[in-house]
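Enquirer: Structure incoming, see below.
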Amino acid sequence: MLSYVKRRKDISYIIVYSYKRFSRTGANGAYISDQLKKQGIVTLSATQDLDPLSSAGEFQQNMFYMWGQFDNSQRRDKSVTGMQSKLRKGYWIGATPFGYTNLNPGNGKIPDYVVNEQGRLLRKAFQWKAEHNMAHTEIAQKLAEKGLNITDKKLSKYFRNPFYCGVIVNSIIPGEVIEGKHQAMVSKETFLKIHNLLHSREDGVKYTLEDENLPLKMFVRSSTCNTPYTGYIVRKKGLYYYKNRRKGSKENKSAKIMHQKFKELLTTFSFRDEKYIPPFKEILTYSFLEMNKERLEDIKRN
C-alpha cells in the first residue's frame, strides 16, 4: 500500500479502522505517518476522532501508535509465557515434526505425537547411520528404494534434531533440555552416537557401507580401543585402506595387506571331523539369511 500511494499523485488520505490497525510498531508507525504527511497524504482513523494536521492531534495519533505497540508486546509476552510453560511440561509446540502424526490436533489440545509409517523408515536411517556410519547420500538412496524420498541435507537436519530421541529443546527456553511426553523414534544412545559421528567425520572423505573392495568394514576392530574400522579409497592411487573411525585416531591399514592377513587367519581354522561340516553350513546359511533379511525382502519386492 505504501509503495502504491507513494507512486500516485492523486491520493490525499489513508483511512483505517483504528491507528493500531495501521501500525503496531510505535515510533516507527509515527515516522511513517509523518513521512506520508510530507507527501501530502494524511492518515485518518474511522474510530478515533482527531485532527492529525494539528499539534495536539499529531501527539494523540502518536500515542495511539505507542499504545498499539504496548498492546502487541503484552500479547507477545503472554503468548511466549504460555509456550514456555507448555514446552517445560514436555509438549512440543509448532508444526508436527517429520515422521510423526499428532493424534490429538487442534489449538489448545494436548498433542499426542506418535511415529507413523514414514517415521518407521526414518528410524532405519538413524540405525544405518549409527551402526554403519553410512553416507547421507547412500542412506537417502536406500530410503528412496523403500518409497521414502528425503534429500541428504534433510537427513542431516533430522539427525541433529533431539526431538527424535524424546528430548525437547527450543530457542524460547534457551539452555534447557526437557524430557518430552511424545514417543521417541530412537534411543538417546543412538542419537548421541550419531552426534559424535557427525562431529568427528573428516571433511572430503566419503565412507560407504557396501563396497566389495572393503568386505571387512565394521567387522575388524582396533586392537587398542575396539573401535570398528571403516574404509576409504585414495582415488589418485586407486588403493583402498581401512581406518579407525575414532576421532583423533591415526590407524590406517592397507586393504591389500589386511585381506591377506585375514585369509591367513582363516586357514588356521578347520574341522577335525567332517560330520560337523553339514550342521556348520546350516548355521552359516541361517545366520546369513537373518543378517540380510531386510535386503532380501527388498529384492523380492523389486
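Just remember, in the C-alpha cells the first chain shown is A, the second B, etc., residues are 1-based per chain, and ligands are 1-based in the order shown.
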Got a sec to tell me which of range 69-252 of chain A DSSP assigns to helix (DSSP H, G or I), as a ChimeraX atom specification?

Expert: /A:69-88,117-132,136-145,152-159,162-165,188-200

Enquirer: Go ahead and write the selection's residues with C-alpha atoms as an mmCIF file, in the first residue's frame.

Expert:
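Generated file (out03.cif):
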```cif
data_model
loop_
_atom_site.group_PDB
_atom_site.id
_atom_site.type_symbol
_atom_site.label_atom_id
_atom_site.label_comp_id
_atom_site.auth_asym_id
_atom_site.auth_seq_id
_atom_site.Cartn_x
_atom_site.Cartn_y
_atom_site.Cartn_z
ATOM 1 C CA GLN A 69 2.957 -1.351 20.311
ATOM 2 C CA PHE A 70 2.421 -1.774 24.059
ATOM 3 C CA ASP A 71 -0.652 -3.950 23.437
ATOM 4 C CA ASN A 72 1.337 -6.050 20.972
ATOM 5 C CA SER A 73 4.166 -6.518 23.478
ATOM 6 C CA GLN A 74 1.711 -7.630 26.177
ATOM 7 C CA ARG A 75 0.138 -10.165 23.821
ATOM 8 C CA ARG A 76 3.563 -11.470 22.838
ATOM 9 C CA ASP A 77 4.643 -11.792 26.477
ATOM 10 C CA LYS A 78 1.502 -13.771 27.324
ATOM 11 C CA SER A 79 1.945 -15.955 24.251
ATOM 12 C CA VAL A 80 5.629 -16.659 24.960
ATOM 13 C CA THR A 81 4.913 -17.415 28.605
ATOM 14 C CA GLY A 82 2.240 -19.906 27.561
ATOM 15 C CA MET A 83 4.543 -21.574 25.034
ATOM 16 C CA GLN A 84 7.373 -21.774 27.570
ATOM 17 C CA SER A 85 5.050 -23.410 30.087
ATOM 18 C CA LYS A 86 3.879 -25.965 27.514
ATOM 19 C CA LEU A 87 7.446 -26.816 26.500
ATOM 20 C CA ARG A 88 8.577 -27.242 30.105
ATOM 21 C CA GLU A 117 4.950 -45.123 8.559
ATOM 22 C CA GLN A 118 7.396 -42.506 7.276
ATOM 23 C CA GLY A 119 8.885 -42.330 10.762
ATOM 24 C CA ARG A 120 9.453 -46.070 10.846
ATOM 25 C CA LEU A 121 11.502 -45.767 7.654
ATOM 26 C CA LEU A 122 13.338 -42.743 9.066
ATOM 27 C CA ARG A 123 14.162 -44.849 12.130
ATOM 28 C CA LYS A 124 16.019 -47.224 9.792
ATOM 29 C CA ALA A 125 18.039 -44.251 8.558
ATOM 30 C CA PHE A 126 19.093 -43.496 12.149
ATOM 31 C CA GLN A 127 20.071 -47.143 12.626
ATOM 32 C CA TRP A 128 22.099 -47.255 9.402
ATOM 33 C CA LYS A 129 23.937 -44.116 10.404
ATOM 34 C CA ALA A 130 24.606 -45.202 13.989
ATOM 35 C CA GLU A 131 25.564 -48.809 13.264
ATOM 36 C CA HIS A 132 27.411 -48.420 9.955
ATOM 37 C CA HIS A 136 23.858 -39.496 3.880
ATOM 38 C CA THR A 137 23.582 -39.860 0.106
ATOM 39 C CA GLU A 138 23.653 -43.648 0.428
ATOM 40 C CA ILE A 139 21.010 -43.590 3.168
ATOM 41 C CA ALA A 140 18.815 -41.339 1.017
ATOM 42 C CA GLN A 141 19.169 -43.796 -1.863
ATOM 43 C CA LYS A 142 18.191 -46.776 0.309
ATOM 44 C CA LEU A 143 15.165 -44.875 1.641
ATOM 45 C CA ALA A 144 14.116 -43.964 -1.902
ATOM 46 C CA GLU A 145 14.182 -47.671 -2.811
ATOM 47 C CA ASP A 152 20.711 -35.918 2.195
ATOM 48 C CA LYS A 153 20.500 -32.344 3.522
ATOM 49 C CA LYS A 154 17.160 -33.090 5.190
ATOM 50 C CA LEU A 155 18.648 -36.253 6.698
ATOM 51 C CA SER A 156 21.469 -34.203 8.193
ATOM 52 C CA LYS A 157 18.868 -31.897 9.758
ATOM 53 C CA TYR A 158 16.851 -34.806 11.180
ATOM 54 C CA PHE A 159 19.968 -36.495 12.587
ATOM 55 C CA PRO A 162 16.918 -34.221 19.563
ATOM 56 C CA PHE A 163 13.114 -34.453 19.280
ATOM 57 C CA TYR A 164 13.631 -37.855 17.643
ATOM 58 C CA CYS A 165 15.204 -39.286 20.808
ATOM 59 C CA LYS A 188 19.268 -41.452 23.312
ATOM 60 C CA GLU A 189 22.266 -43.741 22.905
ATOM 61 C CA THR A 190 21.665 -43.988 19.154
ATOM 62 C CA PHE A 191 21.168 -40.224 18.825
ATOM 63 C CA LEU A 192 24.344 -39.416 20.772
ATOM 64 C CA LYS A 193 26.313 -41.965 18.769
ATOM 65 C CA ILE A 194 25.251 -40.226 15.548
ATOM 66 C CA HIS A 195 26.017 -36.857 17.128
ATOM 67 C CA ASN A 196 29.581 -37.987 17.810
ATOM 68 C CA LEU A 197 29.939 -39.402 14.292
ATOM 69 C CA LEU A 198 28.772 -36.163 12.697
ATOM 70 C CA HIS A 199 31.265 -34.127 14.704
ATOM 71 C CA SER A 200 34.222 -36.455 14.194
#
```

Enquirer: May I have the residues within 12 Å of range 62-66 of chain A as an NGL selection string, using only C-alpha atoms and disregarding those fewer than 3 positions away in the same chain?

Expert: :A and (18-34 or 43-45 or 47-52 or 55-59 or 69-73)

Enquirer: Pick out each residue of range 99-204 of chain A that DSSP on the backbone tags as strand (DSSP E or B); I need them as a ChimeraX atom specification.

Expert: /A:100-102,113-115,167-168,178-179

Enquirer: At a cut-off of 8 Å, using only C-alpha atoms, what residues contact Thr227 in chain A? Leave out same-chain residues fewer than 2 positions from it and give the result as number ranges by chain.

Expert: A: 221-222, 225, 229, 244-246

Enquirer: So that I have them on file, write out the residues from the current selection with N, CA, C and O atoms, as a short mmCIF file (atom, residue, chain, number, x, y, z; two decimals), in the first residue's frame.

Expert:
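Okay, part-v2.cif is ready:
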```cif
data_model
loop_
_atom_site.label_atom_id
_atom_site.label_comp_id
_atom_site.auth_asym_id
_atom_site.auth_seq_id
_atom_site.Cartn_x
_atom_site.Cartn_y
_atom_site.Cartn_z
N ARG A 221 38.06 -54.73 14.17
CA ARG A 221 38.11 -53.67 15.18
C ARG A 221 39.55 -53.37 15.59
O ARG A 221 40.43 -54.23 15.48
N SER A 222 39.74 -52.17 16.09
CA SER A 222 41.06 -51.75 16.54
C SER A 222 41.48 -52.56 17.76
O SER A 222 40.67 -52.79 18.67
N CYS A 225 41.48 -49.81 20.93
CA CYS A 225 40.27 -49.19 21.51
C CYS A 225 38.98 -49.92 21.14
O CYS A 225 37.89 -49.48 21.52
N TYR A 229 36.54 -50.62 12.24
CA TYR A 229 37.19 -49.92 11.14
C TYR A 229 36.17 -49.57 10.05
O TYR A 229 35.25 -50.34 9.78
N ASN A 244 40.58 -46.58 11.40
CA ASN A 244 39.89 -46.47 12.69
C ASN A 244 39.10 -45.16 12.68
O ASN A 244 39.67 -44.09 12.51
N ARG A 245 37.77 -45.24 12.86
CA ARG A 245 36.96 -44.04 12.74
C ARG A 245 36.89 -43.23 14.04
O ARG A 245 36.17 -42.21 14.09
N ARG A 246 37.60 -43.67 15.07
CA ARG A 246 37.63 -42.88 16.31
C ARG A 246 38.31 -41.55 16.06
O ARG A 246 39.33 -41.47 15.40
#
```

Enquirer: For Leu103 in chain A, which of A:Gly90, A:Gly40, A:Gln61, A:Gln183 is the closest residue, counting only C-alpha atoms?

Expert: A:Gln183

Enquirer: For CA of Val115 in chain A and CA of Leu296 in chain A, determine how far apart the two atoms are, in Å to one decimal place.

Expert: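 One can read the CA of Val115 in chain A to CA of Leu296 in chain A distance as 25.0 Å.
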
Enquirer: Compare A:Val42, A:Val16, A:Val234, A:Val186 by their minimum atom-to-atom distance to Val167 in chain A, counting only C-alpha atoms, and give me the closest one.

Expert: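 Checking each candidate against Val167 in chain A, we get A:Val186 as the closest.
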